[in-house]
Amino acid sequence: MNKTIIFDLDGTILDTLEDLNTSLNHVLSLFNYNEVSIDKTKALVGNGIRNLIKDAAGNPKELDSMYDEFIKYYEINYANYTKTYDGIYDVISELKYKGYNIVLFTNKNVKIAKKLIAKFYNNLFDYIIGDGMNIKRKPDSDGINIIKAKYNIDYNDILLIGDSDTDIKTIMNAGIKGIIVSYGFKEKEYLKNIWNGIIVDTPYEILSAIDNVFAS
């Protein structure tokens, strides 16, 4: 088999929200900006850490310094509360066993993404793309094109699984298959308004959904 399953990270394979919120508020407080609620953080996540800080602080002039401080703090505190979603480890293990290429494509800093994958997913992922690799962030299709070339496959053999409008736009921009999860950071009703493809409510539904997508 030469088909590739691409997973988003935050809100798809890991619940990172509390650690993101704690790190964001550390930076906001340090630079004298108002802290934000965990729900506000949840609404802003998906476009990379720099944009998360920018949106939470209202386009701050100290953005570069705030970003550096966030990364420094988050590199130490990236997994205090972060956890896997129930069943997703088994799902990815099954896909790996079936012979799919398993790839991570995240807008998170790639150094931290690799730490998270090493901690929670051992050697399940064959390739990781993240911010800081001179690859355009999602929803740009640059990363998808790199994955296509790496595995020498057609776009029709690539499927992205994510939880947000950013992932949906990536799927559409690249012209690949997609599955969206509703157990992550975006509510199902919101997702249904912007995505007319398959939405799954639990990780366990992903396996059958993949079979249906590739069979169609």
# chains A, B, ... in the order shown; residues from 1 in each chain; ligands from 1
call {"tool": "residues_around", "arguments": {"residues": "range 113-127 of chain A", "least_positions_apart": "2", "cutoff": "8 Å", "atoms": "only C-alpha atoms", "output": "ChimeraX atom specification"}}
result
/A:9,78-79,83-84,89,92-93,96,101-104,106,108-111,129-130
call {"tool": "write_last_selection", "arguments": {"atoms": "C-alpha atoms", "output": "JSON list (two decimals), in the first residue's frame"}}
result
[["chain", "number", "residue", "atom", "x", "y", "z"],
["A", 9, "LEU", "CA", -1.89, 17.59, 16.11],
["A", 78, "TYR", "CA", 4.36, 21.36, 26.92],
["A", 79, "ALA", "CA", 2.99, 18.24, 28.60],
["A", 83, "LYS", "CA", -3.20, 14.00, 26.93],
["A", 84, "THR", "CA", -4.26, 11.77, 24.06],
["A", 89, "TYR", "CA", -3.38, 5.83, 19.82],
["A", 92, "ILE", "CA", -3.06, 5.22, 14.56],
["A", 93, "SER", "CA", -1.41, 1.93, 15.54],
["A", 96, "LYS", "CA", 0.35, 1.82, 10.79],
["A", 101, "ASN", "CA", 2.25, 6.12, 5.70],
["A", 102, "ILE", "CA", 1.55, 8.06, 8.91],
["A", 103, "VAL", "CA", 2.44, 11.76, 8.76],
["A", 104, "LEU", "CA", 1.97, 14.70, 11.11],
["A", 106, "THR", "CA", 0.94, 20.80, 12.24],
["A", 108, "LYS", "CA", 2.89, 24.05, 15.90],
["A", 109, "ASN", "CA", 6.63, 24.67, 16.28],
["A", 110, "VAL", "CA", 8.25, 21.54, 14.85],
["A", 111, "LYS", "CA", 10.70, 21.12, 17.75],
["A", 129, "ILE", "CA", 6.09, 18.69, 9.32],
["A", 130, "GLY", "CA", 5.78, 21.73, 11.57]]
call {"tool": "select_by_dssp", "arguments": {"residues": "range 66-125 of chain A", "states": "strand (DSSP E or B)", "output": "list in words"}}
result
Lys83, Thr84, Asn101, Ile102, Val103, Leu104, Phe105, Thr106, Asn107, Lys108 and Asn109 of chain A
call {"tool": "write_last_selection", "arguments": {"atoms": "all heavy atoms", "output": "CSV table (one decimal), in the first residue's frame"}}
result
chain,number,residue,atom,x,y,z
A,83,LYS,N,-2.9,15.4,26.9
A,83,LYS,CA,-3.2,14.0,26.9
A,83,LYS,C,-3.7,13.6,25.6
A,83,LYS,O,-4.2,14.4,24.8
A,83,LYS,CB,-4.2,13.7,28.0
A,83,LYS,CG,-5.5,14.5,27.9
A,83,LYS,CD,-6.4,14.2,29.1
A,83,LYS,CE,-7.7,15.1,29.0
A,83,LYS,NZ,-7.4,16.5,29.2
A,84,THR,N,-3.7,12.3,25.3
A,84,THR,CA,-4.3,11.8,24.1
A,84,THR,C,-5.8,11.7,24.2
A,84,THR,O,-6.3,11.6,25.3
A,84,THR,CB,-3.7,10.4,23.7
A,84,THR,OG1,-4.1,9.5,24.8
A,84,THR,CG2,-2.2,10.4,23.6
A,101,ASN,N,1.3,5.2,5.3
A,101,ASN,CA,2.3,6.1,5.7
A,101,ASN,C,1.6,7.1,6.7
A,101,ASN,O,0.5,7.6,6.4
A,101,ASN,CB,2.8,6.9,4.5
A,101,ASN,CG,3.3,6.1,3.4
A,101,ASN,OD1,4.1,5.1,3.7
A,101,ASN,ND2,2.9,6.4,2.2
A,102,ILE,N,2.2,7.2,7.9
A,102,ILE,CA,1.5,8.1,8.9
A,102,ILE,C,2.4,9.3,9.1
A,102,ILE,O,3.5,9.3,9.5
A,102,ILE,CB,1.5,7.3,10.3
A,102,ILE,CG1,0.8,6.0,10.1
A,102,ILE,CG2,0.8,8.2,11.3
A,102,ILE,CD1,-0.7,6.1,9.6
A,103,VAL,N,1.7,10.5,8.8
A,103,VAL,CA,2.4,11.8,8.8
A,103,VAL,C,1.7,12.7,9.7
A,103,VAL,O,0.5,12.7,9.8
A,103,VAL,CB,2.5,12.3,7.3
A,103,VAL,CG1,3.1,13.7,7.3
A,103,VAL,CG2,3.3,11.4,6.4
A,104,LEU,N,2.5,13.6,10.3
A,104,LEU,CA,2.0,14.7,11.1
A,104,LEU,C,2.2,16.0,10.4
A,104,LEU,O,3.4,16.2,9.9
A,104,LEU,CB,2.6,14.8,12.5
A,104,LEU,CG,2.1,15.9,13.4
A,104,LEU,CD1,0.8,15.4,14.1
A,104,LEU,CD2,3.1,16.3,14.5
A,105,PHE,N,1.2,16.8,10.2
A,105,PHE,CA,1.3,18.1,9.6
A,105,PHE,C,0.7,19.1,10.5
A,105,PHE,O,-0.6,19.2,10.6
A,105,PHE,CB,0.7,18.1,8.2
A,105,PHE,CG,0.9,19.4,7.4
A,105,PHE,CD1,1.8,20.4,7.9
A,105,PHE,CD2,0.2,19.7,6.3
A,105,PHE,CE1,2.0,21.6,7.1
A,105,PHE,CE2,0.4,20.8,5.5
A,105,PHE,CZ,1.3,21.8,6.0
A,106,THR,N,1.5,19.9,11.2
A,106,THR,CA,0.9,20.8,12.2
A,106,THR,C,1.5,22.2,12.0
A,106,THR,O,2.6,22.4,11.5
A,106,THR,CB,1.3,20.3,13.7
A,106,THR,OG1,0.9,21.2,14.6
A,106,THR,CG2,2.8,20.1,13.8
A,107,ASN,N,0.7,23.2,12.5
A,107,ASN,CA,1.2,24.6,12.5
A,107,ASN,C,2.0,24.9,13.8
A,107,ASN,O,2.5,26.0,14.0
A,107,ASN,CB,0.1,25.6,12.3
A,107,ASN,CG,-0.4,25.6,10.9
A,107,ASN,OD1,0.3,25.2,10.0
A,107,ASN,ND2,-1.6,26.1,10.7
A,108,LYS,N,2.1,23.9,14.7
A,108,LYS,CA,2.9,24.0,15.9
A,108,LYS,C,4.4,24.0,15.6
A,108,LYS,O,4.8,23.4,14.6
A,108,LYS,CB,2.5,22.9,16.9
A,108,LYS,CG,3.2,23.0,18.2
A,108,LYS,CD,2.9,21.8,19.1
A,108,LYS,CE,1.5,21.8,19.6
A,108,LYS,NZ,1.1,22.9,20.5
A,109,ASN,N,5.2,24.7,16.4
A,109,ASN,CA,6.6,24.7,16.3
A,109,ASN,C,7.1,23.2,16.2
A,109,ASN,O,6.8,22.4,17.0
A,109,ASN,CB,7.2,25.3,17.5
A,109,ASN,CG,8.8,25.3,17.5
A,109,ASN,OD1,9.3,24.3,17.9
A,109,ASN,ND2,9.4,26.3,17.1
call {"tool": "select_by_dssp", "arguments": {"residues": "range 37-95 of chain A", "states": "helix (DSSP H, G or I)", "output": "number ranges by chain"}}
result
A: 38-44, 49-57, 63-74, 88-95
call {"tool": "write_last_selection", "arguments": {"atoms": "N, CA, C and O atoms", "output": "compact mmCIF listing (two decimals), in the first residue's frame"}}
result
# COMPACT_ATOMS: atom_id res chain seq x y z
N ILE A 38 -9.68 29.76 28.86
CA ILE A 38 -9.35 28.56 28.09
C ILE A 38 -10.26 28.45 26.86
O ILE A 38 -9.83 27.98 25.80
N ASP A 39 -11.50 28.94 26.97
CA ASP A 39 -12.40 28.93 25.83
C ASP A 39 -11.93 29.89 24.74
O ASP A 39 -12.06 29.60 23.54
N LYS A 40 -11.38 31.02 25.15
CA LYS A 40 -10.84 31.98 24.18
C LYS A 40 -9.62 31.37 23.47
O LYS A 40 -9.49 31.49 22.23
N THR A 41 -8.77 30.73 24.22
CA THR A 41 -7.63 30.06 23.62
C THR A 41 -8.09 28.99 22.63
O THR A 41 -7.55 28.88 21.52
N LYS A 42 -9.09 28.24 23.01
CA LYS A 42 -9.64 27.19 22.14
C LYS A 42 -10.12 27.77 20.82
O LYS A 42 -9.90 27.18 19.75
N ALA A 43 -10.74 28.93 20.88
CA ALA A 43 -11.25 29.57 19.67
C ALA A 43 -10.14 30.08 18.77
O ALA A 43 -10.31 30.16 17.54
N LEU A 44 -8.99 30.42 19.35
CA LEU A 44 -7.91 31.04 18.58
C LEU A 44 -6.87 30.05 18.05
O LEU A 44 -6.11 30.38 17.14
N ILE A 49 1.58 29.34 16.78
CA ILE A 49 1.75 30.04 18.04
C ILE A 49 1.84 31.55 17.85
O ILE A 49 1.27 32.33 18.63
N ARG A 50 2.55 31.98 16.83
CA ARG A 50 2.70 33.42 16.60
C ARG A 50 1.34 34.08 16.41
O ARG A 50 1.06 35.14 16.98
N ASN A 51 0.48 33.46 15.63
CA ASN A 51 -0.86 34.02 15.42
C ASN A 51 -1.73 33.91 16.66
O ASN A 51 -2.58 34.77 16.91
N LEU A 52 -1.52 32.86 17.44
CA LEU A 52 -2.25 32.73 18.71
C LEU A 52 -1.94 33.90 19.63
O LEU A 52 -2.86 34.52 20.21
N ILE A 53 -0.67 34.23 19.78
CA ILE A 53 -0.26 35.36 20.62
C ILE A 53 -0.77 36.67 20.03
O ILE A 53 -1.31 37.52 20.75
N LYS A 54 -0.61 36.82 18.74
CA LYS A 54 -1.05 38.05 18.06
C LYS A 54 -2.52 38.30 18.27
O LYS A 54 -2.95 39.42 18.60
N ASP A 55 -3.33 37.28 18.10
CA ASP A 55 -4.79 37.44 18.24
C ASP A 55 -5.20 37.65 19.70
O ASP A 55 -6.11 38.42 19.99
N ALA A 56 -4.53 36.97 20.61
CA ALA A 56 -4.88 37.09 22.03
C ALA A 56 -4.51 38.46 22.59
O ALA A 56 -5.23 39.02 23.43
N ALA A 57 -3.39 39.02 22.12
CA ALA A 57 -2.92 40.30 22.64
C ALA A 57 -3.35 41.49 21.79
O ALA A 57 -3.12 42.64 22.20
N LEU A 63 5.60 41.29 19.53
CA LEU A 63 5.23 39.94 19.11
C LEU A 63 6.43 38.99 19.04
O LEU A 63 6.35 37.86 19.50
N ASP A 64 7.54 39.43 18.46
CA ASP A 64 8.70 38.55 18.33
C ASP A 64 9.22 38.11 19.70
O ASP A 64 9.53 36.93 19.91
N SER A 65 9.32 39.06 20.62
CA SER A 65 9.80 38.74 21.97
C SER A 65 8.81 37.84 22.70
O SER A 65 9.21 36.92 23.43
N MET A 66 7.52 38.09 22.50
CA MET A 66 6.49 37.27 23.13
C MET A 66 6.54 35.84 22.59
O MET A 66 6.39 34.88 23.33
N TYR A 67 6.74 35.72 21.30
CA TYR A 67 6.84 34.39 20.69
C TYR A 67 8.04 33.63 21.26
O TYR A 67 7.93 32.45 21.63
N ASP A 68 9.18 34.28 21.35
CA ASP A 68 10.38 33.64 21.89
C ASP A 68 10.16 33.18 23.32
O ASP A 68 10.58 32.08 23.72
N GLU A 69 9.50 34.02 24.12
CA GLU A 69 9.22 33.66 25.51
C GLU A 69 8.24 32.48 25.59
O GLU A 69 8.40 31.59 26.43
N PHE A 70 7.24 32.49 24.72
CA PHE A 70 6.26 31.39 24.69
C PHE A 70 6.98 30.08 24.42
O PHE A 70 6.78 29.09 25.14
N ILE A 71 7.82 30.06 23.38
CA ILE A 71 8.52 28.83 23.01
C ILE A 71 9.42 28.36 24.15
O ILE A 71 9.46 27.16 24.49
N LYS A 72 10.13 29.29 24.78
CA LYS A 72 11.02 28.94 25.89
C LYS A 72 10.23 28.32 27.04
O LYS A 72 10.65 27.29 27.61
N TYR A 73 9.08 28.91 27.36
CA TYR A 73 8.25 28.40 28.46
C TYR A 73 7.57 27.09 28.08
O TYR A 73 7.54 26.13 28.87
N TYR A 74 7.04 27.03 26.86
CA TYR A 74 6.27 25.87 26.41
C TYR A 74 7.16 24.64 26.21
O TYR A 74 6.72 23.50 26.40
N ILE A 88 -7.37 7.17 20.18
CA ILE A 88 -6.65 7.63 18.99
C ILE A 88 -5.30 6.91 18.83
O ILE A 88 -4.87 6.64 17.70
N TYR A 89 -4.65 6.57 19.93
CA TYR A 89 -3.38 5.83 19.82
C TYR A 89 -3.62 4.49 19.14
O TYR A 89 -2.86 4.07 18.25
N ASP A 90 -4.68 3.80 19.55
CA ASP A 90 -4.99 2.49 18.95
C ASP A 90 -5.35 2.63 17.48
O ASP A 90 -5.00 1.77 16.67
N VAL A 91 -6.05 3.69 17.14
CA VAL A 91 -6.43 3.93 15.75
C VAL A 91 -5.19 4.12 14.88
O VAL A 91 -5.06 3.52 13.81
N ILE A 92 -4.28 4.97 15.33
CA ILE A 92 -3.06 5.22 14.56
C ILE A 92 -2.21 3.96 14.48
O ILE A 92 -1.62 3.66 13.43
N SER A 93 -2.15 3.19 15.55
CA SER A 93 -1.41 1.93 15.54
C SER A 93 -1.99 0.98 14.50
O SER A 93 -1.24 0.30 13.77
N GLU A 94 -3.30 0.92 14.42
CA GLU A 94 -3.96 0.05 13.44
C GLU A 94 -3.67 0.49 12.02
O GLU A 94 -3.41 -0.34 11.13
N LEU A 95 -3.70 1.78 11.79
CA LEU A 95 -3.40 2.31 10.45
C LEU A 95 -1.95 2.01 10.06
O LEU A 95 -1.65 1.67 8.92
call {"tool": "residues_around", "arguments": {"residues": "Lys138 in chain A", "least_positions_apart": "6", "cutoff": "10 Å", "atoms": "only C-alpha atoms", "output": "NGL selection string"}}
result
:A and (8 or 46-48 or 105-107 or 130-131 or 144 or 166-171 or 173)
call {"tool": "write_last_selection", "arguments": {"atoms": "N, CA and C atoms", "output": "tab-separated table (two decimals), in the first residue's frame"}}
result
chain	number	residue	atom	x	y	z
A	8	ASP	N	-3.45	16.15	11.80
A	8	ASP	CA	-3.20	17.38	12.53
A	8	ASP	C	-2.83	16.99	13.96
A	46	GLY	N	-4.92	27.13	16.08
A	46	GLY	CA	-5.02	26.50	14.77
A	46	GLY	C	-4.14	27.10	13.70
A	47	ASN	N	-3.66	28.32	13.94
A	47	ASN	CA	-2.86	29.00	12.92
A	47	ASN	C	-1.42	29.27	13.36
A	48	GLY	N	-0.96	28.47	14.31
A	48	GLY	CA	0.41	28.62	14.79
A	48	GLY	C	0.50	29.50	16.04
A	105	PHE	N	1.18	16.80	10.20
A	105	PHE	CA	1.33	18.13	9.59
A	105	PHE	C	0.65	19.12	10.53
A	106	THR	N	1.46	19.89	11.22
A	106	THR	CA	0.94	20.80	12.24
A	106	THR	C	1.49	22.21	12.05
A	107	ASN	N	0.74	23.19	12.50
A	107	ASN	CA	1.25	24.57	12.51
A	107	ASN	C	2.01	24.88	13.79
A	130	GLY	N	6.27	20.72	10.65
A	130	GLY	CA	5.78	21.73	11.57
A	130	GLY	C	6.37	23.08	11.28
A	131	ASP	N	5.95	24.07	12.03
A	131	ASP	CA	6.44	25.43	11.86
A	131	ASP	C	7.93	25.51	12.18
A	144	ILE	N	1.58	19.63	1.79
A	144	ILE	CA	0.96	18.50	1.10
A	144	ILE	C	1.78	18.14	-0.14
A	166	THR	N	-8.94	25.55	9.52
A	166	THR	CA	-7.63	25.55	8.88
A	166	THR	C	-7.37	24.23	8.16
A	167	ASP	N	-7.74	23.12	8.79
A	167	ASP	CA	-7.57	21.81	8.16
A	167	ASP	C	-8.49	21.66	6.96
A	168	ILE	N	-9.70	22.14	7.09
A	168	ILE	CA	-10.66	22.08	5.98
A	168	ILE	C	-10.15	22.86	4.78
A	169	LYS	N	-9.63	24.05	5.03
A	169	LYS	CA	-9.07	24.86	3.94
A	169	LYS	C	-7.86	24.18	3.31
A	170	THR	N	-7.06	23.51	4.12
A	170	THR	CA	-5.90	22.79	3.60
A	170	THR	C	-6.34	21.67	2.66
A	171	ILE	N	-7.33	20.92	3.08
A	171	ILE	CA	-7.87	19.83	2.25
A	171	ILE	C	-8.36	20.38	0.91
A	173	ASN	N	-7.63	23.35	-0.52
A	173	ASN	CA	-6.55	23.97	-1.30
A	173	ASN	C	-5.69	22.94	-2.02
call {"tool": "residues_around", "arguments": {"residues": "Asn32 in chain A", "least_positions_apart": "5", "cutoff": "12 Å", "atoms": "only C-alpha atoms", "output": "VMD selection string"}}
result
chain A and resid 25 to 27 57 60 62 66
call {"tool": "closest_residue", "arguments": {"among": "A:Leu24, A:Ile13, A:Ile135, A:Ile128", "to": "Ser182 in chain A", "atoms": "only C-alpha atoms"}}
result
A:Ile13
call {"tool": "residues_around", "arguments": {"residues": "Val181 in chain A", "least_positions_apart": "3", "cutoff": "10 Å", "atoms": "only C-alpha atoms", "output": "PyMOL selection string"}}
result
chain A and resi 11-13+161-164+184-188+191+198-203+205-206
call {"tool": "residues_around", "arguments": {"residues": "Ser216 in chain A", "least_positions_apart": "4", "cutoff": "12 Å", "atoms": "only C-alpha atoms", "output": "list in words"}}
result
Asn156, Asp157, Lys177, Ala209, Ile210, Asp211 and Asn212 of chain A
